[in-house]
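Have a look at protein.txt; it's compact mmCIF, C-alpha atoms:
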# COMPACT_ATOMS: atom_id res chain seq x y z
CA LEU A 4 15.22 180.99 98.40
CA LEU A 5 18.03 180.69 100.91
CA ASN A 6 21.44 180.90 99.26
CA ILE A 7 24.12 178.79 100.91
CA ASN A 8 27.67 177.88 99.96
CA VAL A 9 29.12 174.62 101.30
CA GLY A 10 32.83 174.14 100.69
CA GLY A 11 32.74 176.22 97.48
CA LYS A 12 29.52 174.76 96.01
CA SER A 13 26.35 176.84 95.94
CA PHE A 14 22.89 175.54 96.83
CA GLN A 15 19.44 177.13 96.98
CA ILE A 16 16.65 175.87 99.24
CA ALA A 17 13.18 177.37 99.76
CA TYR A 18 12.52 178.98 103.14
CA LYS A 19 9.19 177.18 103.53
CA ILE A 20 10.91 173.78 103.16
CA LEU A 21 13.55 174.64 105.74
CA ALA A 22 10.87 175.89 108.14
CA GLN A 23 9.46 172.35 108.30
CA TYR A 24 12.61 171.26 110.21
CA PRO A 25 13.08 174.05 112.77
CA ILE A 26 15.56 172.14 114.98
CA THR A 27 18.09 171.71 112.17
CA ARG A 28 20.84 174.24 111.52
CA LEU A 29 19.42 175.41 108.21
CA GLY A 30 15.89 175.45 109.68
CA LYS A 31 17.07 177.83 112.40
CA LEU A 32 18.89 179.90 109.78
CA ALA A 33 15.63 180.26 107.83
CA LEU A 34 13.52 181.11 110.88
CA TYR A 35 15.84 183.49 112.74
CA THR A 36 15.32 187.17 112.12
CA ASP A 37 18.24 188.43 114.17
CA PRO A 38 21.33 188.80 111.87
CA VAL A 39 23.69 188.15 114.79
CA LYS A 40 22.11 184.76 115.52
CA LYS A 41 22.25 183.89 111.82
CA LEU A 42 25.97 184.64 111.66
CA GLN A 43 26.51 182.35 114.66
CA LEU A 44 25.08 179.46 112.65
CA CYS A 45 27.42 179.83 109.66
CA ASP A 46 31.15 180.39 109.09
CA ASP A 47 30.83 183.48 106.92
CA TYR A 48 28.34 185.65 105.04
CA LEU A 49 28.80 187.06 101.51
CA VAL A 50 26.88 190.34 101.34
CA GLN A 51 27.14 190.72 97.55
CA LYS A 52 25.49 187.34 96.88
CA ASN A 53 23.37 187.23 100.05
CA GLU A 54 24.97 183.85 100.60
CA TYR A 55 25.79 182.00 103.83
CA PHE A 56 29.07 180.11 103.75
CA PHE A 57 29.73 176.80 105.56
CA ASP A 58 33.22 175.30 105.62
CA ARG A 59 32.01 171.68 105.45
CA ASP A 60 32.31 168.72 103.09
CA PRO A 61 30.18 169.45 99.98
CA SER A 62 30.05 165.79 98.91
CA ILE A 63 28.20 164.79 102.07
CA PHE A 64 26.02 167.89 101.96
CA HIS A 65 24.44 166.52 98.77
CA TYR A 66 22.68 163.97 101.00
CA ILE A 67 21.63 166.74 103.38
CA PHE A 68 20.33 168.78 100.44
CA HIS A 69 18.39 165.75 99.18
CA PHE A 70 16.91 165.28 102.66
CA TYR A 71 15.39 168.79 102.64
CA ARG A 72 13.93 168.24 99.20
CA SER A 73 12.49 164.74 99.76
CA GLY A 74 12.26 164.35 103.55
CA VAL A 75 14.37 161.15 103.43
CA LEU A 76 18.00 160.88 104.44
CA TRP A 77 19.89 158.59 102.06
CA MET A 78 23.24 156.98 102.87
CA MET A 79 25.77 155.29 100.61
CA GLU A 80 27.74 152.23 101.72
CA GLU A 81 31.10 153.68 100.69
CA MET A 82 30.83 156.59 103.13
CA CYS A 83 32.77 156.59 106.38
CA PRO A 84 30.20 156.15 109.21
CA SER A 85 32.08 158.31 111.69
CA ASN A 86 32.48 161.16 109.20
CA PHE A 87 28.83 160.97 108.13
CA VAL A 88 27.55 160.99 111.74
CA GLU A 89 29.77 163.97 112.49
CA GLU A 90 28.37 165.86 109.50
CA ILE A 91 24.70 165.18 110.15
CA GLU A 92 25.16 166.11 113.81
CA TYR A 93 26.63 169.42 112.65
CA TRP A 94 23.60 170.06 110.44
CA GLY A 95 21.26 168.97 113.26
CA ILE A 96 19.69 166.04 111.39
CA HIS A 97 18.90 162.76 113.15
CA LEU A 98 19.33 159.27 111.74
CA LYS A 99 15.62 158.60 112.28
CA TYR A 100 14.92 160.44 109.02
CA SER A 101 16.69 157.72 107.04
CA GLN A 102 15.07 154.59 105.66
CA ARG A 103 15.03 151.59 108.01
CA CYS A 104 17.02 149.39 105.62
CA CYS A 105 19.72 152.04 105.20
CA ARG A 106 19.80 152.72 108.93
CA ILE A 107 20.27 149.04 109.80
CA LEU A 108 23.15 148.64 107.34
CA PHE A 109 24.68 151.91 108.46
CA GLU A 110 24.55 150.97 112.16
CA GLU A 111 26.04 147.54 111.43
CA LYS A 112 28.88 149.17 109.54
CA ARG A 113 29.42 151.68 112.36
CA ASP A 114 29.50 148.85 114.93
CA GLU A 115 32.01 146.94 112.79
CA LEU A 116 34.19 150.03 112.56
CA SER A 117 34.00 150.59 116.33
CA GLU A 118 34.90 146.95 116.96
CA TYR A 119 37.77 147.18 114.48
CA LEU A 120 39.17 150.29 116.16
CA LYS A 121 38.78 148.66 119.59
CA ILE A 122 40.69 145.56 118.46
CA GLU A 123 43.40 147.69 116.87
CA LYS A 124 43.84 149.57 120.14
CA GLU A 125 44.01 146.33 122.13
CA LEU A 126 46.52 144.85 119.68
CA GLU A 127 48.76 147.87 120.09
CA ALA A 128 48.43 147.57 123.87
CA GLU A 129 49.39 143.88 123.58
CA LEU A 130 52.82 144.82 122.27
CA GLU A 131 53.22 148.00 124.28
CA PRO A 132 55.74 147.43 127.10
CA LEU A 133 54.75 148.12 130.69
CA GLU A 134 57.73 150.41 131.07
CA THR A 135 59.37 152.88 128.71
CA GLY A 136 62.88 154.21 128.66
CA ALA A 137 61.68 157.72 129.51
CA GLN A 138 60.27 156.55 132.85
CA PHE A 139 63.76 156.10 134.27
CA ASP A 140 64.83 159.70 133.73
CA GLY A 141 65.59 161.42 137.02
CA LYS A 142 65.16 158.28 139.13
CA PHE A 143 67.63 156.48 141.36
CA LEU A 144 70.22 154.72 139.17
CA GLY A 145 68.04 155.66 136.21
CA ARG A 146 70.73 155.18 133.60
CA PHE A 147 71.73 151.75 134.91
CA ARG A 148 68.11 150.59 135.24
CA LYS A 149 67.33 151.80 131.74
CA MET A 150 70.27 149.80 130.41
CA VAL A 151 69.04 146.67 132.25
CA TRP A 152 65.50 147.29 130.99
CA ASN A 153 66.69 147.47 127.38
CA LEU A 154 68.60 144.21 127.82
CA ILE A 155 65.61 142.34 129.22
CA GLU A 156 62.52 143.94 127.68
CA ASN A 157 63.70 145.31 124.34
CA PRO A 158 65.35 142.55 122.27
CA TYR A 159 65.78 144.86 119.26
CA SER A 160 67.74 147.49 121.18
CA SER A 161 71.13 145.76 120.86
CA VAL A 162 72.86 142.49 120.02
CA PRO A 163 73.29 141.47 123.71
CA ALA A 164 69.57 142.05 124.28
CA LYS A 165 68.77 139.77 121.33
CA ILE A 166 71.14 137.14 122.71
CA ILE A 167 69.43 137.26 126.12
CA ALA A 168 66.01 136.83 124.46
CA VAL A 169 67.27 133.81 122.53
CA MET A 170 68.88 132.37 125.67
CA SER A 171 65.62 132.80 127.59
CA SER A 172 63.73 130.72 125.01
CA PHE A 173 66.60 128.20 124.89
CA PHE A 174 66.60 127.66 128.65
CA VAL A 175 62.81 127.24 128.66
CA LEU A 176 63.11 124.47 126.08
CA ILE A 177 66.01 122.88 127.97
CA SER A 178 64.00 122.95 131.18
CA ILE A 179 60.97 121.30 129.54
CA VAL A 180 63.15 118.65 127.90
CA GLY A 181 64.87 117.97 131.25
CA MET A 182 61.53 117.58 133.03
CA THR A 183 60.39 115.18 130.30
CA LEU A 184 63.57 113.06 130.42
CA SER A 185 63.42 112.84 134.21
CA THR A 186 60.33 110.63 133.87
CA VAL A 187 62.10 108.14 131.56
CA GLU A 188 62.98 104.90 133.37
CA GLU A 189 66.52 104.77 131.92
CA MET A 190 67.25 108.25 133.31
CA LYS A 191 66.25 107.41 136.88
CA ASN A 192 69.68 106.02 137.79
CA LYS A 193 72.19 107.94 139.87
CA THR A 194 74.05 109.46 136.91
CA GLY A 195 70.85 110.48 135.14
CA LYS A 196 69.42 112.09 138.27
CA LEU A 197 72.65 114.01 138.80
CA TRP A 198 72.55 115.36 135.24
CA MET A 199 68.90 116.33 135.57
CA GLU A 200 69.50 118.10 138.90
CA GLN A 201 72.44 120.05 137.48
CA MET A 202 70.43 121.04 134.40
CA GLU A 203 67.52 122.14 136.59
CA MET A 204 69.85 124.16 138.80
CA ILE A 205 71.39 125.98 135.82
CA CYS A 206 67.91 126.79 134.39
CA ALA A 207 66.66 127.98 137.78
CA ILE A 208 69.69 130.24 138.23
CA PHE A 209 69.12 131.79 134.81
CA PHE A 210 65.38 132.28 135.40
CA THR A 211 66.05 133.79 138.83
CA SER A 212 68.64 136.18 137.42
CA GLU A 213 66.25 137.19 134.64
CA TYR A 214 63.44 137.79 137.16
CA LEU A 215 65.66 139.87 139.43
CA MET A 216 66.86 141.94 136.49
CA ARG A 217 63.25 142.67 135.55
CA LEU A 218 62.48 143.57 139.15
CA ILE A 219 65.47 145.95 139.31
CA SER A 220 64.54 147.65 136.03
CA SER A 221 60.89 148.08 137.00
CA SER A 222 59.73 151.61 137.82
CA GLY A 223 57.02 150.40 140.25
CA PHE A 224 56.86 147.28 142.40
CA LYS A 225 53.04 147.04 142.31
CA ASN A 226 52.88 147.32 138.53
CA PHE A 227 55.60 144.71 138.30
CA LEU A 228 53.63 142.20 140.38
CA ARG A 229 50.41 142.85 138.45
CA ALA A 230 51.96 142.04 135.07
CA ALA A 231 50.91 138.63 133.75
CA PHE A 232 54.30 137.75 132.25
CA ASN A 233 56.06 138.54 135.53
CA ALA A 234 53.64 136.24 137.36
CA ILE A 235 54.52 133.49 134.86
CA ASP A 236 58.23 134.09 135.51
CA LEU A 237 57.64 133.77 139.25
CA VAL A 238 55.72 130.51 138.79
CA ALA A 239 58.59 129.23 136.64
CA ILE A 240 61.23 129.63 139.37
CA LEU A 241 59.22 128.89 142.54
CA PRO A 242 59.04 125.07 142.06
CA PHE A 243 62.83 124.76 142.26
CA TYR A 244 63.09 126.53 145.62
CA ILE A 245 59.95 124.89 147.02
CA GLN A 246 61.39 121.51 146.04
CA ILE A 247 64.60 122.27 147.95
CA LEU A 248 62.55 123.35 150.96
CA PHE A 249 60.45 120.18 150.98
CA GLU A 250 63.47 117.96 150.51
CA ASN A 251 65.03 119.54 153.61
CA LEU A 252 61.79 119.01 155.52
CA GLU A 253 61.80 115.41 154.36
CA ASP A 254 65.35 114.95 155.69
CA GLY A 255 64.28 116.48 159.01
CA ASP A 256 61.38 114.08 159.29
CA MET A 257 63.71 111.16 158.63
CA GLN A 258 65.91 112.20 161.56
CA TYR A 259 63.50 113.35 164.28
CA HIS A 260 60.26 111.37 163.92
CA GLU A 261 59.33 107.83 164.73
CA GLU A 262 59.16 105.19 162.04
CA LEU A 263 55.38 105.32 161.51
CA HIS A 264 55.26 109.09 161.36
CA LYS A 265 58.26 109.08 159.04
CA VAL A 266 56.48 106.95 156.47
CA GLU A 267 53.31 109.06 156.61
CA ASN A 268 55.15 112.37 156.35
CA VAL A 269 57.42 111.16 153.55
CA SER A 270 54.39 109.89 151.65
CA LYS A 271 52.58 113.22 152.03
CA LEU A 272 55.67 115.24 151.13
CA GLY A 273 56.29 113.01 148.14
CA LYS A 274 52.82 113.73 146.74
CA VAL A 275 53.24 117.46 147.31
CA LEU A 276 56.71 117.31 145.76
CA LYS A 277 55.34 115.66 142.63
CA LEU A 278 52.74 118.42 142.36
CA ILE A 279 55.42 121.08 142.79
CA LYS A 280 57.58 119.46 140.11
CA LEU A 281 54.59 119.40 137.79
CA MET A 282 54.32 123.19 138.10
CA ARG A 283 57.50 123.44 136.02
CA ILE A 284 55.38 122.77 132.94
CA PHE A 285 54.16 126.38 133.19
CA ARG A 286 57.63 127.47 132.11
CA ILE A 287 56.60 126.90 128.55
CA LEU A 288 54.32 129.94 128.92
CA LYS A 289 57.48 132.05 129.11
CA LEU A 290 57.83 131.53 125.37
CA ALA A 291 54.81 133.80 124.87
CA ARG A 292 57.00 136.77 125.85
CA HIS A 293 59.00 136.36 122.64
CA SER A 294 56.45 134.53 120.46
CA THR A 295 54.01 136.52 118.36
CA GLY A 296 52.07 133.36 117.52
CA LEU A 297 51.37 132.52 121.17
CA ARG A 298 50.32 136.11 121.84
CA ALA A 299 48.00 136.02 118.84
CA PHE A 300 46.48 132.74 120.08
CA SER A 301 45.93 134.17 123.56
CA PHE A 302 44.42 137.35 122.08
CA THR A 303 42.13 135.26 119.84
CA MET A 304 40.83 133.28 122.83
CA ARG A 305 40.15 136.49 124.74
CA GLN A 306 38.31 138.08 121.82
CA CYS A 307 36.33 134.92 120.95
CA TYR A 308 35.45 133.83 124.47
CA GLN A 309 31.73 134.13 123.71
CA GLN A 310 31.99 131.76 120.73
CA VAL A 311 34.13 129.35 122.76
CA CYS A 312 31.63 129.41 125.64
CA CYS A 313 28.78 128.75 123.20
CA LEU A 314 30.71 125.81 121.75
CA LEU A 315 31.28 124.35 125.23
CA LEU A 316 27.58 124.85 126.01
CA PHE A 317 26.54 123.00 122.84
CA ILE A 318 28.96 120.18 123.64
CA ALA A 319 27.56 119.89 127.16
CA MET A 320 24.01 119.81 125.78
CA GLY A 321 25.01 117.14 123.27
CA VAL A 322 26.70 115.04 125.96
CA PHE A 323 23.64 115.11 128.21
CA THR A 324 21.20 114.49 125.37
CA PHE A 325 22.98 111.58 123.65
CA SER A 326 24.05 109.95 126.92
CA ALA A 327 20.39 109.89 127.96
CA LEU A 328 19.34 108.46 124.58
CA ILE A 329 22.02 105.76 124.52
CA HIS A 330 21.20 104.75 128.09
CA SER A 331 17.49 104.42 127.35
CA VAL A 332 18.30 102.20 124.34
CA GLU A 333 21.14 100.07 125.75
CA HIS A 334 20.48 99.71 129.48
CA ASP A 335 18.55 96.40 129.06
CA VAL A 336 21.35 94.72 127.06
CA PRO A 337 23.18 92.06 129.17
CA GLY A 338 26.74 93.11 130.08
CA THR A 339 26.29 96.64 128.77
CA ASP A 340 28.57 99.48 129.91
CA PHE A 341 25.71 101.98 129.75
CA THR A 342 24.40 101.14 133.21
CA SER A 343 23.53 104.77 133.95
CA ILE A 344 23.50 108.17 132.26
CA PRO A 345 26.67 109.38 134.06
CA TYR A 346 28.49 106.26 132.82
CA ALA A 347 27.40 107.19 129.27
CA TRP A 348 28.84 110.71 129.50
CA TRP A 349 32.32 109.53 128.52
CA TRP A 350 31.01 107.73 125.45
CA ALA A 351 29.00 110.79 124.39
CA ALA A 352 31.99 113.10 124.91
CA VAL A 353 34.43 111.04 122.81
CA SER A 354 31.77 110.46 120.13
CA LEU A 355 30.94 114.17 119.85
CA SER A 356 34.64 114.96 119.51
CA THR A 357 34.80 112.29 116.72
CA VAL A 358 37.72 110.62 118.54
CA GLY A 359 35.83 107.42 119.37
CA TYR A 360 38.20 105.34 121.51
CA GLY A 361 36.02 102.26 121.14
CA ASP A 362 36.25 101.35 124.81
CA THR A 363 32.46 101.69 125.09
CA VAL A 364 30.26 100.86 122.10
CA PRO A 365 26.53 100.23 121.58
CA ASP A 366 25.42 96.67 120.75
CA THR A 367 21.92 97.18 119.39
CA ILE A 368 20.96 98.51 115.99
CA LEU A 369 18.99 101.34 117.58
CA GLY A 370 21.99 102.21 119.75
CA ARG A 371 24.24 102.38 116.70
CA MET A 372 21.76 104.69 115.02
CA VAL A 373 21.93 106.98 118.06
CA ALA A 374 25.73 106.79 117.87
CA PHE A 375 25.66 107.75 114.17
CA VAL A 376 23.48 110.80 114.90
CA CYS A 377 25.78 111.74 117.80
CA ILE A 378 28.91 111.54 115.61
CA SER A 379 27.23 113.50 112.79
CA PHE A 380 26.17 116.19 115.24
CA GLY A 381 29.75 116.32 116.58
CA ILE A 382 31.18 116.82 113.08
CA ILE A 383 28.80 119.70 112.37
CA LEU A 384 29.32 121.20 115.83
CA ASN A 385 33.12 121.09 115.68
CA GLY A 386 33.23 122.42 112.13
CA MET A 387 31.21 125.55 112.87
CA PRO A 388 33.65 127.66 114.95
CA ILE A 389 36.91 126.41 113.43
CA SER A 390 36.83 128.70 110.41
CA ILE A 391 35.84 131.70 112.56
CA LEU A 392 38.61 131.11 115.09
CA TYR A 393 41.22 130.41 112.43
CA ASN A 394 40.34 133.47 110.36
CA LYS A 395 40.49 135.69 113.43
CA PHE A 396 43.74 134.11 114.58
CA SER A 397 45.43 134.64 111.20
CA ASP A 398 44.12 138.22 111.08
CA TYR A 399 45.33 139.02 114.61
CA TYR A 400 48.68 137.34 113.96
CA ALA A 401 49.26 139.42 110.81
CA LYS A 402 48.31 142.63 112.63
CA LEU A 403 50.49 141.82 115.66
CA LYS A 404 53.39 141.08 113.33
CA ALA A 405 52.84 144.35 111.47
CA HIS A 406 52.70 146.35 114.75
CA GLU A 407 55.81 144.56 115.97
CA MET A 408 57.74 145.41 112.81
CA SER A 409 56.58 149.04 112.89
CA GLN A 410 57.75 149.38 116.50
Would you mind writing the file's structure down as structure tokens?
Amino acid sequence: LLNINVGGKSFQIAYKILAQYPITRLGKLALYTDPVKKLQLCDDYLVQKNEYFFDRDPSIFHYIFHFYRSGVLWMMEEMCPSNFVEEIEYWGIHLKYSQRCCRILFEEKRDELSEYLKIEKELEAELEPLETGAQFDGKFLGRFRKMVWNLIENPYSSVPAKIIAVMSSFFVLISIVGMTLSTVEEMKNKTGKLWMEQMEMICAIFFTSEYLMRLISSSGFKNFLRAAFNAIDLVAILPFYIQILFENLEDGDMQYHEELHKVENVSKLGKVLKLIKLMRIFRILKLARHSTGLRAFSFTMRQCYQQVCCLLLFIAMGVFTFSALIHSVEHDVPGTDFTSIPYAWWWAAVSLSTVGYGDTVPDTILGRMVAFVCISFGIILNGMPISILYNKFSDYYAKLKAHEMSQ
């Protein structure tokens, strides 16, 4: 018998059993005749007891011991997969010796743990700032840039930093409200336009100052431009200056071009100007910088993009299928709106989403049966991913909030 001691617990295994597994650590220990090689396989050797000592976990070694006696590697669900894999790799035993049912459950649990650790790492990176205060040490105006960085990027560093963060969210809301009110007919008079222009100017000045402060406090210009939030900030302030530029071009066209060209240019510039003004709606994305909920939603969409793509694929399949069915049933009805399959796409889309505007409806009994199946399929289809997405969103939100509080 081979006497071994694992973490203070003694075991005895027959040499002939160990010799059946020559590539394992204990198999080599049983087959080697050179004492030097044997000592290289263990942590210590007790001469009095003729016992080889291994400084490993004795609780896991019970499964290794059972493997040598029965030839089957058993695994319990409560064991840590990473720790168990590390132990069996040390003893030179492969997972192929385990039962298929145990191996499948074990690998699923290991994949879940790997995915969990991956998500935890990505969540921490979500809240980790691009810059740190230590990066400004020894650089040009390092102390001043670090102070500016704390004011802009670290709301919990001081009371003024918290005030700036609140003001940033406040000006975003003011800007969105101003853009909304500018489309109201009662606000299109001279006084209303003046108020809207002044409000837009104040918001643009604040956003520009905030962007410049971030640019000054950045340690690298390339990293600054690559950051997603900085790109959002740039998109938030560009429409104001582009609008001023186009308005000046419009005035120039009014002065130096003939009447026909003036009308054409003003019409083209007006359409472009409306598009530029519409870009101000992206300012609401600035709230994600200080909103844990918006970050959790964005993170959920990135993590669940496969489920979302599958949902969109199923919706597209449903739209094509039910639009073809409703067209084949309703196309002979006089005055029908289902004159072709592409015309039926809109009906299929609103029916699958269970909105049902009622602008296009089937007239025949068979068409209504198709509509009922389409709506039922839409209810089932929309109900499938909602629970998954919501559970993941609530989980990610709680974890982001916990990481934020710990930081």
Residues within 9 Å of Leu241 of chain A, only C-alpha atoms, excluding chain neighbours under 5 positions, as a PDB file with C-alpha atoms, in the coordinates of the input:
ATOM      1  CA  ALA A 207      66.660 127.980 137.780  1.00  0.00           C
ATOM      2  CA  ASP A 236      58.230 134.090 135.510  1.00  0.00           C
ATOM      3  CA  GLN A 246      61.390 121.510 146.040  1.00  0.00           C
ATOM      4  CA  ILE A 279      55.420 121.080 142.790  1.00  0.00           C
ATOM      5  CA  MET A 282      54.320 123.190 138.100  1.00  0.00           C
ATOM      6  CA  ARG A 283      57.500 123.440 136.020  1.00  0.00           C
TER       7      ARG A 283
END
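For the pair atom CA of Glu115 of chain A and atom CA of Ser85 of chain A, the separation is 11.4 Å.
Distance check against Ala22 of chain A using all atoms listed in the file: of A:Pro337, A:Leu44, A:Leu34, A:Glu110, the minimum falls on A:Leu34.
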Pick out the closest residue to Ser409 of chain A from this set: A:Tyr66, A:Val180, A:Glu127, A:Ser356. Count all atoms listed in the file.
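Among A:Tyr66, A:Val180, A:Glu127, A:Ser356, it is A:Glu127 that comes nearest to Ser409 of chain A.
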What's around segment 361-366 of chain A at 7 Å? Count all atoms listed in the file, leave out sequence neighbours fewer than 4 positions away in its own chain, and write the answer as a CSV table (one decimal) with C-alpha atoms, keeping the file's coordinate frame.
chain,number,residue,atom,x,y,z
A,333,GLU,CA,21.1,100.1,125.8
A,340,ASP,CA,28.6,99.5,129.9
A,350,TRP,CA,31.0,107.7,125.4
A,370,GLY,CA,22.0,102.2,119.8
A,371,ARG,CA,24.2,102.4,116.7
With a distance cut-off of 12 Å and all atoms listed in the file, select the neighbouring residues of Ala168 of chain A, excluding the residue or stretch itself and same-chain residues fewer than 5 positions from it, and output the selection as a list in words.
Asn153, Leu154, Ile155, Glu156, Asn157, Pro158, Tyr159, Ser160, Ser161, Val162, Pro163, Phe173, Phe174, Val175, Phe209, Phe210, Glu213, Lys289, Leu290, Ala291, Arg292, His293 and Ser294 of chain A
Pick out the closest residue to Glu92 of chain A from this set: A:Met204, A:Leu197, A:Ile26, A:Ala33. Count only C-alpha atoms.
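Answer, going by the shortest atom-to-atom distance: A:Ile26.
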For Met216 of chain A: contacts at 9 Å, only C-alpha atoms, fewer than 2 positions along chain excluded, given as a ChimeraX atom specification:
/A:148,151-152,155,211-214,218-221
May I have the residues within 9 Å of Tyr399 of chain A as a VMD selection string, using all atoms listed in the file and disregarding those fewer than 6 positions away in the same chain?
chain A and resid 122 126 299 to 300 302 to 303
Could you work out an axis-aligned bounding box for all listed atoms of segment 41-57 of chain A, with 8 Å added on each of the six sides, and give its centre and edge lengths in Å to one decimal, as lines of an AutoDock Vina configuration file?
center_x = 26.7
center_y = 183.8
center_z = 105.8
size_x = 24.9
size_y = 29.9
size_z = 33.8
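Minimum atom-to-atom distances from A:Trp77, A:Val9, A:Ile284, A:Leu278 to Lys99 of chain A were compared using only C-alpha atoms, and the lowest value belongs to A:Trp77.
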Please return as number ranges by chain every residue within 12 Å of (17.7, 175.9, 107.8), taking into account all atoms listed in the file and the file's own coordinates.
A: 4-7, 15-35, 41, 44-45, 55, 67-68, 70-71, 94-96
Using atom CA of Tyr100 of chain A and atom CA of Thr36 of chain A as the two end points, give the distance in Å to one decimal.
26.9 Å
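Here atom CA of Asn192 of chain A and atom CA of Ile240 of chain A stand 25.1 Å from one another.
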